[in-house]
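Structure file target_36.cif with mmCIF, C-alpha atoms:
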data_run
#
loop_
_atom_site.label_atom_id
_atom_site.label_comp_id
_atom_site.auth_asym_id
_atom_site.auth_seq_id
_atom_site.Cartn_x
_atom_site.Cartn_y
_atom_site.Cartn_z
CA MET U 1 23.31 149.58 197.59
CA SER U 2 23.28 153.33 197.21
CA ASP U 3 26.33 155.55 197.56
CA ASN U 4 24.70 157.13 200.56
CA THR U 5 24.54 153.98 202.70
CA SER U 6 27.33 155.13 204.99
CA LYS U 7 25.67 158.54 205.35
CA PHE U 8 22.48 156.81 206.46
CA SER U 9 24.13 154.76 209.20
CA LYS U 10 23.45 157.24 212.03
CA ILE U 11 19.82 157.84 211.16
CA LYS U 12 19.31 154.09 210.68
CA GLN U 13 20.67 153.48 214.17
CA PHE U 14 18.39 156.22 215.50
CA TYR U 15 15.27 154.70 213.92
CA PHE U 16 16.11 151.12 214.91
CA ASN U 17 16.47 152.33 218.50
CA LEU U 18 13.12 154.11 218.24
CA PHE U 19 11.30 151.17 216.60
CA PRO U 20 12.90 147.97 217.84
CA GLY U 21 10.44 145.98 215.68
CA LEU U 22 11.52 147.72 212.47
CA GLN U 23 12.15 145.23 209.64
CA GLU U 24 14.97 145.58 207.12
CA LYS U 25 12.39 145.48 204.30
CA ASN U 26 10.50 148.44 205.75
CA TRP U 27 13.74 150.27 206.43
CA SER U 28 14.76 149.86 202.78
CA ASN U 29 11.45 151.36 201.64
CA PHE U 30 11.90 154.24 204.05
CA GLU U 31 15.56 154.71 203.14
CA SER U 32 14.67 155.05 199.48
CA LYS U 33 12.78 158.23 200.43
CA LEU U 34 15.73 159.82 202.26
CA ALA U 35 18.06 162.38 200.75
CA VAL U 36 21.47 163.69 201.80
CA ARG U 37 21.92 167.45 201.64
CA GLU U 38 24.87 169.67 202.41
CA PHE U 39 24.83 173.31 203.43
CA ARG U 40 27.76 175.70 203.31
CA LYS U 41 28.67 177.72 206.39
CA HIS U 42 26.15 180.59 206.72
CA GLU U 43 23.83 179.08 204.10
CA LYS U 44 20.13 179.65 204.79
CA MET U 45 18.13 176.44 205.22
CA LEU U 46 14.72 177.97 205.91
CA GLN U 47 13.23 181.44 205.60
CA PRO U 48 9.99 183.08 206.71
CA GLY U 49 7.30 182.38 204.14
CA GLU U 50 8.61 178.90 203.21
CA VAL U 51 6.81 175.79 204.43
CA CYS U 52 9.27 173.52 206.22
CA ASN U 53 9.02 170.28 204.30
CA ALA U 54 11.67 168.10 205.92
CA ILE U 55 13.02 166.84 209.20
CA CYS U 56 16.82 167.16 208.98
CA PHE U 57 18.79 164.54 210.85
CA ILE U 58 22.25 166.09 211.36
CA ASN U 59 25.25 163.94 210.43
CA LYS U 60 27.68 166.79 211.06
CA GLY U 61 27.55 170.54 211.59
CA ILE U 62 25.45 173.01 213.58
CA ILE U 63 22.19 174.68 212.66
CA ARG U 64 20.64 177.64 214.43
CA SER U 65 17.06 178.91 214.24
CA TYR U 66 16.27 182.59 214.75
CA TYR U 67 13.66 185.28 214.31
CA ASP U 68 14.44 188.59 212.66
CA ILE U 69 12.75 191.15 214.90
CA ASP U 70 13.03 194.65 213.46
CA GLY U 71 16.42 193.79 212.01
CA LYS U 72 17.68 192.12 215.20
CA GLU U 73 18.38 188.37 215.25
CA VAL U 74 16.76 186.56 218.18
CA ILE U 75 18.15 183.02 218.34
CA THR U 76 15.73 180.35 219.52
CA ASN U 77 17.83 177.20 219.31
CA PHE U 78 20.98 175.37 218.20
CA TYR U 79 20.97 171.84 216.75
CA THR U 80 23.93 169.57 216.17
CA GLU U 81 25.12 166.01 215.45
CA GLU U 82 22.61 163.20 215.94
CA ALA U 83 19.80 165.61 216.69
CA SER U 84 17.15 166.72 214.23
CA PHE U 85 16.32 170.17 213.02
CA CYS U 86 12.81 170.97 211.88
CA ASN U 87 10.36 173.83 212.17
CA TYR U 88 7.73 171.40 213.44
CA GLU U 89 5.07 174.08 213.66
CA SER U 90 5.38 174.72 209.92
CA PHE U 91 6.06 171.06 209.05
CA LEU U 92 2.99 169.78 210.92
CA SER U 93 0.57 172.58 210.09
CA ARG U 94 1.86 172.98 206.48
CA LYS U 95 1.94 176.74 207.10
CA PRO U 96 4.86 179.06 206.25
CA SER U 97 7.72 179.35 208.70
CA LEU U 98 7.97 182.53 210.77
CA PHE U 99 11.68 182.10 211.41
CA PHE U 100 15.03 181.54 209.71
CA ALA U 101 17.46 178.68 210.00
CA ASP U 102 21.04 178.63 208.75
CA ALA U 103 24.16 176.50 209.04
CA LEU U 104 26.82 177.80 211.46
CA GLU U 105 29.36 175.35 209.99
CA HIS U 106 29.51 173.23 206.87
CA THR U 107 26.59 170.91 207.63
CA GLU U 108 25.48 167.54 206.29
CA VAL U 109 21.95 166.31 206.96
CA VAL U 110 19.76 163.39 206.00
CA GLN U 111 16.33 164.70 205.07
CA ILE U 112 13.05 162.93 205.75
CA ASP U 113 10.36 164.73 203.87
CA TYR U 114 6.73 165.06 204.89
CA ASP U 115 5.51 162.28 202.57
CA ALA U 116 8.16 159.84 203.80
CA LEU U 117 6.96 160.40 207.35
CA GLN U 118 3.35 159.76 206.33
CA TYR U 119 4.60 156.52 204.76
CA ILE U 120 6.12 155.43 208.05
CA TYR U 121 2.88 156.23 209.91
CA THR U 122 0.86 154.22 207.41
CA TYR U 123 3.03 151.11 207.12
CA LEU U 124 4.79 150.70 210.45
CA PRO U 125 2.73 149.35 213.30
CA ASP U 126 3.54 151.23 216.52
CA SER U 127 4.77 154.26 214.63
CA GLU U 128 1.70 156.25 215.67
CA ARG U 129 2.60 155.60 219.29
CA VAL U 130 6.18 156.74 218.71
CA GLY U 131 4.84 159.74 216.80
CA ARG U 132 2.62 160.65 219.74
CA LEU U 133 5.46 160.29 222.23
CA MET U 134 7.75 162.39 220.02
CA ALA U 135 5.14 165.14 219.66
CA GLU U 136 4.62 165.06 223.44
CA GLN U 137 8.37 165.39 223.99
CA LEU U 138 8.51 168.37 221.63
CA TYR U 139 5.71 169.98 223.62
CA ILE U 140 7.40 169.30 226.95
CA SER U 141 10.68 170.71 225.70
CA LEU U 142 9.10 173.89 224.29
CA SER U 143 7.08 174.42 227.50
CA GLY U 144 10.26 174.04 229.52
CA ARG U 145 12.01 176.65 227.41
CA VAL U 146 9.11 179.11 227.77
CA ALA U 147 8.98 178.56 231.54
CA ALA U 148 12.77 179.05 231.81
CA LEU U 149 12.54 182.37 229.95
CA LEU U 150 9.84 183.51 232.38
CA LEU U 151 11.10 182.06 235.64
CA ASP U 152 14.87 181.56 235.54
CA SER U 153 17.50 184.25 235.97
CA PRO U 154 19.90 184.75 233.04
CA GLU U 155 22.60 183.00 235.07
CA GLN U 156 20.34 179.99 235.70
CA ARG U 157 19.56 179.87 231.96
CA TYR U 158 23.27 179.98 231.15
CA GLN U 159 24.03 177.16 233.61
CA LYS U 160 21.28 175.04 232.01
CA PHE U 161 22.67 175.84 228.57
CA LEU U 162 26.17 174.76 229.67
CA LYS U 163 24.74 171.45 230.86
CA GLU U 164 22.54 170.73 227.82
CA LYS U 165 24.89 171.89 225.08
CA SER U 166 28.24 171.15 226.69
CA SER U 167 29.29 168.90 223.80
CA PHE U 168 29.35 171.74 221.27
CA ILE U 169 29.31 175.01 223.20
CA GLN U 170 32.88 175.80 222.07
CA ARG U 171 31.70 175.91 218.47
CA ILE U 172 29.17 178.73 219.03
CA PRO U 173 30.17 182.42 219.20
CA GLN U 174 29.47 184.10 222.55
CA TYR U 175 27.21 186.78 221.06
CA MET U 176 24.94 184.04 219.68
CA ILE U 177 24.77 182.35 223.06
CA ALA U 178 23.80 185.73 224.55
CA SER U 179 21.03 186.10 221.96
CA TYR U 180 19.73 182.60 222.76
CA LEU U 181 19.70 183.47 226.49
CA GLY U 182 17.84 186.72 225.83
CA ILE U 183 20.61 188.94 227.21
CA THR U 184 23.30 191.28 225.84
CA PRO U 185 26.83 189.99 225.14
CA GLU U 186 28.02 192.30 227.96
CA ALA U 187 25.62 190.73 230.46
CA LEU U 188 26.86 187.27 229.38
CA SER U 189 30.49 188.38 229.97
CA ARG U 190 29.57 189.52 233.48
CA ILE U 191 27.84 186.20 234.20
CA ARG U 192 30.86 184.25 232.93
CA ALA U 193 33.22 186.37 235.03
CA ARG U 194 31.03 185.85 238.11
CA ILE U 195 30.93 182.07 237.61
CA SER U 196 34.67 181.93 236.98
CA LYS U 197 35.41 184.01 240.13
CA ARG U 198 33.15 181.76 242.21
CA ASN U 199 34.82 178.63 240.82
CA ASN U 200 38.29 180.05 241.63
CA GLU U 201 37.27 180.97 245.16
CA GLU U 202 35.81 177.50 245.73
CA ALA U 203 38.99 175.89 244.40
CA ALA U 204 41.14 178.09 246.70
CA GLU U 205 38.94 177.23 249.67
CA GLU U 206 39.22 173.54 248.85
CA MET U 207 43.02 173.85 248.72
CA GLN U 208 43.08 175.63 252.10
CA LYS U 209 40.97 172.82 253.59
CA ASN U 210 43.27 170.17 252.19
CA LYS U 211 46.34 171.99 253.55
CA ALA U 212 44.74 172.23 256.99
CA LEU U 213 44.15 168.47 257.14
CA MET T 214 -27.37 155.04 234.61
CA SER T 215 -25.29 157.30 236.84
CA ASP T 216 -26.45 160.65 238.15
CA ASN T 217 -23.70 162.26 236.16
CA THR T 218 -24.93 161.13 232.75
CA SER T 219 -26.23 164.57 231.84
CA LYS T 220 -22.96 166.12 232.98
CA PHE T 221 -21.07 163.77 230.65
CA SER T 222 -23.11 164.67 227.58
CA LYS T 223 -20.71 167.38 226.30
CA ILE T 224 -17.54 165.36 226.77
CA LYS T 225 -19.25 162.32 225.22
CA GLN T 226 -20.14 164.39 222.17
CA PHE T 227 -16.54 165.66 222.05
CA TYR T 228 -15.04 162.13 222.12
CA PHE T 229 -17.54 160.69 219.63
CA ASN T 230 -16.58 163.49 217.22
CA LEU T 231 -12.91 162.71 217.82
CA PHE T 232 -13.27 158.92 217.45
CA PRO T 233 -16.12 158.27 215.03
CA GLY T 234 -15.55 154.52 215.47
CA LEU T 235 -16.01 154.67 219.25
CA GLN T 236 -18.36 151.95 220.49
CA GLU T 237 -20.91 152.45 223.27
CA LYS T 238 -19.32 149.58 225.21
CA ASN T 239 -15.88 151.26 225.16
CA TRP T 240 -17.43 154.60 226.01
CA SER T 241 -19.11 153.05 229.06
CA ASN T 242 -15.76 151.71 230.27
CA PHE T 243 -14.16 155.07 229.75
CA GLU T 244 -17.07 156.93 231.32
CA SER T 245 -16.77 154.84 234.47
CA LYS T 246 -13.33 156.43 234.96
CA LEU T 247 -14.57 160.02 234.67
CA ALA T 248 -15.35 162.26 237.62
CA VAL T 249 -17.25 165.51 237.92
CA ARG T 250 -15.63 168.21 240.00
CA GLU T 251 -16.71 171.68 240.94
CA PHE T 252 -14.51 174.62 241.88
CA ARG T 253 -15.65 177.76 243.66
CA LYS T 254 -14.80 181.16 242.21
CA HIS T 255 -11.11 181.90 242.96
CA GLU T 256 -10.46 178.30 244.06
CA LYS T 257 -6.98 177.00 243.17
CA MET T 258 -7.00 173.98 240.89
CA LEU T 259 -3.25 173.48 240.52
CA GLN T 260 -0.17 174.85 242.27
CA PRO T 261 3.58 174.74 241.65
CA GLY T 262 4.96 171.50 243.04
CA GLU T 263 1.85 169.41 242.31
CA VAL T 264 1.83 166.96 239.41
CA CYS T 265 -1.13 167.67 237.14
CA ASN T 266 -3.01 164.40 237.10
CA ALA T 267 -6.10 165.19 235.06
CA ILE T 268 -7.36 166.72 231.87
CA CYS T 269 -10.34 168.88 232.82
CA PHE T 270 -13.06 169.15 230.22
CA ILE T 271 -15.00 172.32 231.12
CA ASN T 272 -18.78 172.06 231.30
CA LYS T 273 -19.13 175.61 232.58
CA GLY T 274 -16.91 178.32 234.01
CA ILE T 275 -13.50 179.84 233.23
CA ILE T 276 -10.06 178.72 234.31
CA ARG T 277 -6.88 180.74 234.06
CA SER T 278 -3.27 179.55 234.28
CA TYR T 279 -0.53 181.84 235.58
CA TYR T 280 3.01 182.01 236.88
CA ASP T 281 3.89 183.84 240.08
CA ILE T 282 7.06 185.76 239.18
CA ASP T 283 8.48 187.54 242.20
CA GLY T 284 4.98 188.08 243.55
CA LYS T 285 3.57 189.25 240.21
CA GLU T 286 0.97 187.14 238.39
CA VAL T 287 1.80 186.49 234.73
CA ILE T 288 -1.25 184.96 233.05
CA THR T 289 -0.52 182.43 230.31
CA ASN T 290 -4.00 181.36 229.24
CA PHE T 291 -7.76 181.27 229.76
CA TYR T 292 -9.91 178.19 229.23
CA THR T 293 -13.68 177.98 229.04
CA GLU T 294 -16.72 175.88 228.06
CA GLU T 295 -16.11 172.85 225.82
CA ALA T 296 -12.36 173.31 225.95
CA SER T 297 -9.98 171.39 228.19
CA PHE T 298 -7.63 172.66 230.82
CA CYS T 299 -4.49 170.69 231.64
CA ASN T 300 -0.87 171.43 232.43
CA TYR T 301 0.19 169.00 229.71
CA GLU T 302 3.87 169.46 230.43
CA SER T 303 3.35 168.19 233.98
CA PHE T 304 0.64 165.68 232.99
CA LEU T 305 2.78 164.07 230.27
CA SER T 306 6.16 164.20 232.00
CA ARG T 307 4.73 163.37 235.48
CA LYS T 308 6.81 166.26 236.85
CA PRO T 309 5.53 168.98 239.20
CA SER T 310 3.75 171.97 237.73
CA LEU T 311 5.59 175.29 237.60
CA PHE T 312 2.42 177.35 237.43
CA PHE T 313 -0.91 177.95 239.14
CA ALA T 314 -4.43 177.50 237.84
CA ASP T 315 -7.60 178.79 239.43
CA ALA T 316 -11.28 179.21 238.62
CA LEU T 317 -12.37 182.74 237.63
CA GLU T 318 -16.01 181.74 238.07
CA HIS T 319 -17.81 178.84 239.67
CA THR T 320 -16.57 176.07 237.39
CA GLU T 321 -17.72 172.53 236.66
CA VAL T 322 -15.38 170.12 234.91
CA VAL T 323 -15.31 166.46 233.93
CA GLN T 324 -11.94 165.01 234.84
CA ILE T 325 -10.08 162.38 232.83
CA ASP T 326 -7.21 161.18 234.91
CA TYR T 327 -3.87 159.93 233.65
CA ASP T 328 -4.77 156.24 234.02
CA ALA T 329 -8.07 156.66 232.19
CA LEU T 330 -6.20 158.14 229.26
CA GLN T 331 -3.74 155.24 229.23
CA TYR T 332 -6.81 152.95 229.14
CA ILE T 333 -8.11 154.69 226.04
CA TYR T 334 -4.70 154.40 224.33
CA THR T 335 -4.55 150.69 225.11
CA TYR T 336 -8.07 149.65 224.15
CA LEU T 337 -9.20 151.99 221.41
CA PRO T 338 -7.79 151.38 217.99
CA ASP T 339 -6.92 154.71 216.30
CA SER T 340 -6.57 156.46 219.64
CA GLU T 341 -2.78 156.65 219.25
CA ARG T 342 -3.29 158.51 216.00
CA VAL T 343 -5.72 160.93 217.63
CA GLY T 344 -3.29 161.28 220.54
CA ARG T 345 -0.47 162.13 218.14
CA LEU T 346 -2.58 164.68 216.29
CA MET T 347 -3.69 166.24 219.59
CA ALA T 348 -0.09 166.48 220.87
CA GLU T 349 0.92 168.04 217.53
CA GLN T 350 -1.91 170.57 217.83
CA LEU T 351 -0.75 171.47 221.35
CA TYR T 352 2.75 172.02 220.02
CA ILE T 353 1.53 174.17 217.12
CA SER T 354 -0.61 176.25 219.43
CA LEU T 355 2.20 176.83 221.95
CA SER T 356 4.67 177.70 219.16
CA GLY T 357 2.18 180.18 217.77
CA ARG T 358 1.81 181.84 221.15
CA VAL T 359 5.61 182.08 221.60
CA ALA T 360 6.01 183.55 218.11
CA ALA T 361 3.21 186.07 218.74
CA LEU T 362 4.91 187.26 221.93
CA LEU T 363 8.15 187.76 220.00
CA LEU T 364 6.85 189.12 216.70
CA ASP T 365 3.46 190.78 217.14
CA SER T 366 2.85 194.25 218.54
CA PRO T 367 0.68 194.42 221.69
CA GLU T 368 -2.17 195.75 219.52
CA GLN T 369 -1.86 192.80 217.13
CA ARG T 370 -1.89 190.41 220.10
CA TYR T 371 -5.02 192.11 221.44
CA GLN T 372 -6.76 191.87 218.06
CA LYS T 373 -5.93 188.12 217.91
CA PHE T 374 -7.18 187.70 221.46
CA LEU T 375 -10.48 189.44 220.56
CA LYS T 376 -10.91 187.02 217.66
CA GLU T 377 -9.98 183.83 219.52
CA LYS T 378 -11.74 184.53 222.81
CA SER T 379 -14.64 186.65 221.58
CA SER T 380 -17.21 184.27 223.10
CA PHE T 381 -16.12 184.97 226.66
CA ILE T 382 -13.97 188.10 226.67
CA GLN T 383 -16.67 190.02 228.60
CA ARG T 384 -16.22 187.63 231.53
CA ILE T 385 -12.52 188.42 232.06
CA PRO T 386 -11.32 191.55 233.94
CA GLN T 387 -9.28 193.97 231.82
CA TYR T 388 -6.20 193.78 234.06
CA MET T 389 -6.05 190.02 233.49
CA ILE T 390 -6.28 190.47 229.73
CA ALA T 391 -3.39 192.97 230.01
CA SER T 392 -1.35 190.41 231.96
CA TYR T 393 -2.04 187.75 229.30
CA LEU T 394 -0.93 190.19 226.57
CA GLY T 395 2.26 191.03 228.47
CA ILE T 396 1.40 194.72 228.86
CA THR T 397 0.25 197.07 231.62
CA PRO T 398 -3.49 197.77 232.13
CA GLU T 399 -2.75 201.40 231.12
CA ALA T 400 -1.22 200.27 227.81
CA LEU T 401 -4.29 198.09 227.18
CA SER T 402 -6.59 201.08 227.83
CA ARG T 403 -4.64 203.11 225.27
CA ILE T 404 -4.91 200.29 222.70
CA ARG T 405 -8.66 199.98 223.29
CA ALA T 406 -9.10 203.75 222.96
CA ARG T 407 -7.10 203.75 219.72
CA ILE T 408 -9.15 200.90 218.23
CA SER T 409 -12.41 202.48 219.30
CA LYS T 410 -11.40 205.87 217.78
CA ARG T 411 -10.43 204.15 214.53
CA ASN T 412 -13.72 202.25 214.41
CA ASN T 413 -15.69 205.47 215.00
CA GLU T 414 -13.78 207.29 212.27
CA GLU T 415 -14.36 204.43 209.85
CA ALA T 416 -18.07 204.39 210.70
CA ALA T 417 -18.30 208.16 210.18
CA GLU T 418 -16.48 207.89 206.84
CA GLU T 419 -18.83 205.11 205.77
CA MET T 420 -21.83 207.30 206.67
CA GLN T 421 -20.40 210.21 204.65
CA LYS T 422 -19.94 207.91 201.66
CA ASN T 423 -23.50 206.64 201.92
CA LYS T 424 -24.86 210.20 202.15
CA ALA T 425 -22.88 211.22 199.08
CA LEU T 426 -24.43 208.43 197.02
#
Output the file's structure in the form of structure tokens.
Amino acid sequence: MSDNTSKFSKIKQFYFNLFPGLQEKNWSNFESKLAVREFRKHEKMLQPGEVCNAICFINKGIIRSYYDIDGKEVITNFYTEEASFCNYESFLSRKPSLFFADALEHTEVVQIDYDALQYIYTYLPDSERVGRLMAEQLYISLSGRVAALLLDSPEQRYQKFLKEKSSFIQRIPQYMIASYLGITPEALSRIRARISKRNNEEAAEEMQKNKAL
Amino acid sequence: MSDNTSKFSKIKQFYFNLFPGLQEKNWSNFESKLAVREFRKHEKMLQPGEVCNAICFINKGIIRSYYDIDGKEVITNFYTEEASFCNYESFLSRKPSLFFADALEHTEVVQIDYDALQYIYTYLPDSERVGRLMAEQLYISLSGRVAALLLDSPEQRYQKFLKEKSSFIQRIPQYMIASYLGITPEALSRIRARISKRNNEEAAEEMQKNKAL
């Protein structure tokens, strides 16, 4: 039993949910290919020019991905506990990454490298199907994000963000949220003020109604 | 032998290349689920609110996909002979499309509907693997397009477009190419003039060199 067994418990749960037919023997083979890695706050995990060679299942911490566009950081996503971070474009195509990733907090991940994933595709029946469904989900999610950037107002994007990332939004600085939404920090402040004012007015109205009853 | 056999020859070739182990018997079953459809020039093929229910393999013609953003068309792609058009996000998630698609020319496609594809996944060994690789390719291609919009200059995007779509670029109006590149038609004219000037200068230089020899 390796020292890392407890650190593998979340990813094990995740994979047993994904492949209900997974056998302990196969899991042990797979587990032997996993590695635990830790990243200090602000530590770079991926840089342009590097091929992304691992899917990082996050035990704790937050990772962000971003482009550097003429010296300006444009944040494309945040990833946290029990989600995975990977530059799938680079990982799948074996081409260098075009973006950065770094840890916003001290972060612990379990890494599945490219070869370990090929192992799972080769030896686990049904894994190809799960692989297809996962790739399709990635595509759907990226398409949704592109459509939102084109079609939704900044306020609609912020409301969606609140819903999707509510569990860890408090751990991300406002200026980074603004960058992710494609707006300035000032525009985000105005949106937050507008939402807050609306919420207060609705609460006051509700109180008036209740008094009148 | 159906009347459509000749119209199925290109898609048959495409699938036999994709699945080298495909048997004639399985192909016949699959083929019986295909349908030929024709679209007039400018005819809408998909609209926001409709679920995309088919992958359209293009025998001839050009299809474009675009968003309507406050009355302005924003073109996201062009599709032509021996490629497939599909709103995969809608097709895979079974949710309504957010964008339009129409035929830029009289267009003939062979349609594979959602159920026919499920048939192929169920009865053809290896099809899950091909399905996974295809979904991964879709993801890589969409990521590349998003990165290009963020990182490349309009001129770089135009040069890529020339390379990728060289076989049918003459069939697309300039203002649509501008829309696809995310620039105004005037900006595209300036880019084309710049490239043409550069090419002429290079040709003249080359001639001078040859004379000097």
Which of these residues is nearest to chain U, using all atoms listed in the file: T:Lys257, T:Arg405, T:Arg342, T:Arg307?
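Smallest distance to chain U is found for T:Arg342.
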Assuming the chain letters and numbering stay as they are in my file, what does the PyMOL selection byres ((chain T and resi 297-305) around 7) actually select? List them as a list in words.
Ile140 and Ser143 of chain U; Val264, Cys265, Asn266, Ala267, Ile268, Cys269, Phe270, Ile271, Tyr292, Glu295, Ala296, Ser306, Arg307, Lys308, Pro309 and Ser310 of chain T
Proximity to Met258 in chain T - best of T:Asp283, T:Glu377, T:Asp315, T:Glu294, all atoms listed in the file
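Result for the nearest residue to Met258 in chain T: T:Asp315.
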Given the file above and the PyMOL selection byres ((chain T) within 10 of (chain U)), which residues are selected, and can you give them as an MDAnalysis selection string?
chainID T and resid 280:283 287 300:306 311:312 334 339:357 359:361 363:365
Those same residues - C-alpha atoms - I'd like them written as an mmCIF file, keeping the file's coordinate frame.
data_model
loop_
_atom_site.group_PDB
_atom_site.id
_atom_site.type_symbol
_atom_site.label_atom_id
_atom_site.label_comp_id
_atom_site.auth_asym_id
_atom_site.auth_seq_id
_atom_site.Cartn_x
_atom_site.Cartn_y
_atom_site.Cartn_z
ATOM 1 C CA TYR T 280 3.010 182.010 236.880
ATOM 2 C CA ASP T 281 3.890 183.840 240.080
ATOM 3 C CA ILE T 282 7.060 185.760 239.180
ATOM 4 C CA ASP T 283 8.480 187.540 242.200
ATOM 5 C CA VAL T 287 1.800 186.490 234.730
ATOM 6 C CA ASN T 300 -0.870 171.430 232.430
ATOM 7 C CA TYR T 301 0.190 169.000 229.710
ATOM 8 C CA GLU T 302 3.870 169.460 230.430
ATOM 9 C CA SER T 303 3.350 168.190 233.980
ATOM 10 C CA PHE T 304 0.640 165.680 232.990
ATOM 11 C CA LEU T 305 2.780 164.070 230.270
ATOM 12 C CA SER T 306 6.160 164.200 232.000
ATOM 13 C CA LEU T 311 5.590 175.290 237.600
ATOM 14 C CA PHE T 312 2.420 177.350 237.430
ATOM 15 C CA TYR T 334 -4.700 154.400 224.330
ATOM 16 C CA ASP T 339 -6.920 154.710 216.300
ATOM 17 C CA SER T 340 -6.570 156.460 219.640
ATOM 18 C CA GLU T 341 -2.780 156.650 219.250
ATOM 19 C CA ARG T 342 -3.290 158.510 216.000
ATOM 20 C CA VAL T 343 -5.720 160.930 217.630
ATOM 21 C CA GLY T 344 -3.290 161.280 220.540
ATOM 22 C CA ARG T 345 -0.470 162.130 218.140
ATOM 23 C CA LEU T 346 -2.580 164.680 216.290
ATOM 24 C CA MET T 347 -3.690 166.240 219.590
ATOM 25 C CA ALA T 348 -0.090 166.480 220.870
ATOM 26 C CA GLU T 349 0.920 168.040 217.530
ATOM 27 C CA GLN T 350 -1.910 170.570 217.830
ATOM 28 C CA LEU T 351 -0.750 171.470 221.350
ATOM 29 C CA TYR T 352 2.750 172.020 220.020
ATOM 30 C CA ILE T 353 1.530 174.170 217.120
ATOM 31 C CA SER T 354 -0.610 176.250 219.430
ATOM 32 C CA LEU T 355 2.200 176.830 221.950
ATOM 33 C CA SER T 356 4.670 177.700 219.160
ATOM 34 C CA GLY T 357 2.180 180.180 217.770
ATOM 35 C CA VAL T 359 5.610 182.080 221.600
ATOM 36 C CA ALA T 360 6.010 183.550 218.110
ATOM 37 C CA ALA T 361 3.210 186.070 218.740
ATOM 38 C CA LEU T 363 8.150 187.760 220.000
ATOM 39 C CA LEU T 364 6.850 189.120 216.700
ATOM 40 C CA ASP T 365 3.460 190.780 217.140
#
Could you tell me how far CA of Glu419 in chain T lies from CA of Tyr371 in chain T, in Å and to one decimal?
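Here the two named atoms are 24.6 Å from each other.
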Separating CA of Phe168 in chain U from CA of Glu73 in chain U, to the nearest tenth of an Å, is a gap of 20.8 Å
Excluding Ile385 in chain T and residues on its chain fewer than 4 positions from it, collect all residues at most 9 Å away from it, counting all atoms listed in the file, and give them as a PyMOL selection string.
chain T and resi 275+291+317+381+389-390
When you draw a straight line from CA of Lys41 in chain U to CA of Thr107 in chain U, how long is it in Å?
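Pair CA of Lys41 in chain U / CA of Thr107 in chain U returns 7.2 Å.
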Might you pull out every residue within 6 Å of Gly274 in chain T, with all atoms listed in the file counted and same-chain residues fewer than 2 positions away left off, and present them as a PDB file with C-alpha atoms, in the frame of the given file?
ATOM      1  CA  THR T 293     -13.680 177.980 229.040  1.00  0.00           C
ATOM      2  CA  GLU T 318     -16.010 181.740 238.070  1.00  0.00           C
ATOM      3  CA  HIS T 319     -17.810 178.840 239.670  1.00  0.00           C
ATOM      4  CA  THR T 320     -16.570 176.070 237.390  1.00  0.00           C
TER       5      THR T 320
END
May I have the residues within 10 Å of Pro367 in chain T as a VMD selection string, using all atoms listed in the file and disregarding those fewer than 4 positions away in the same chain?
chain T and resid 361 to 362 371 to 373 391 394 to 396 400 to 401 404
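Distances from T:Gln324, T:Lys424, T:Asn413, T:Ser392 to Lys285 in chain T were compared using all atoms listed in the file, and the smallest one belongs to T:Ser392.
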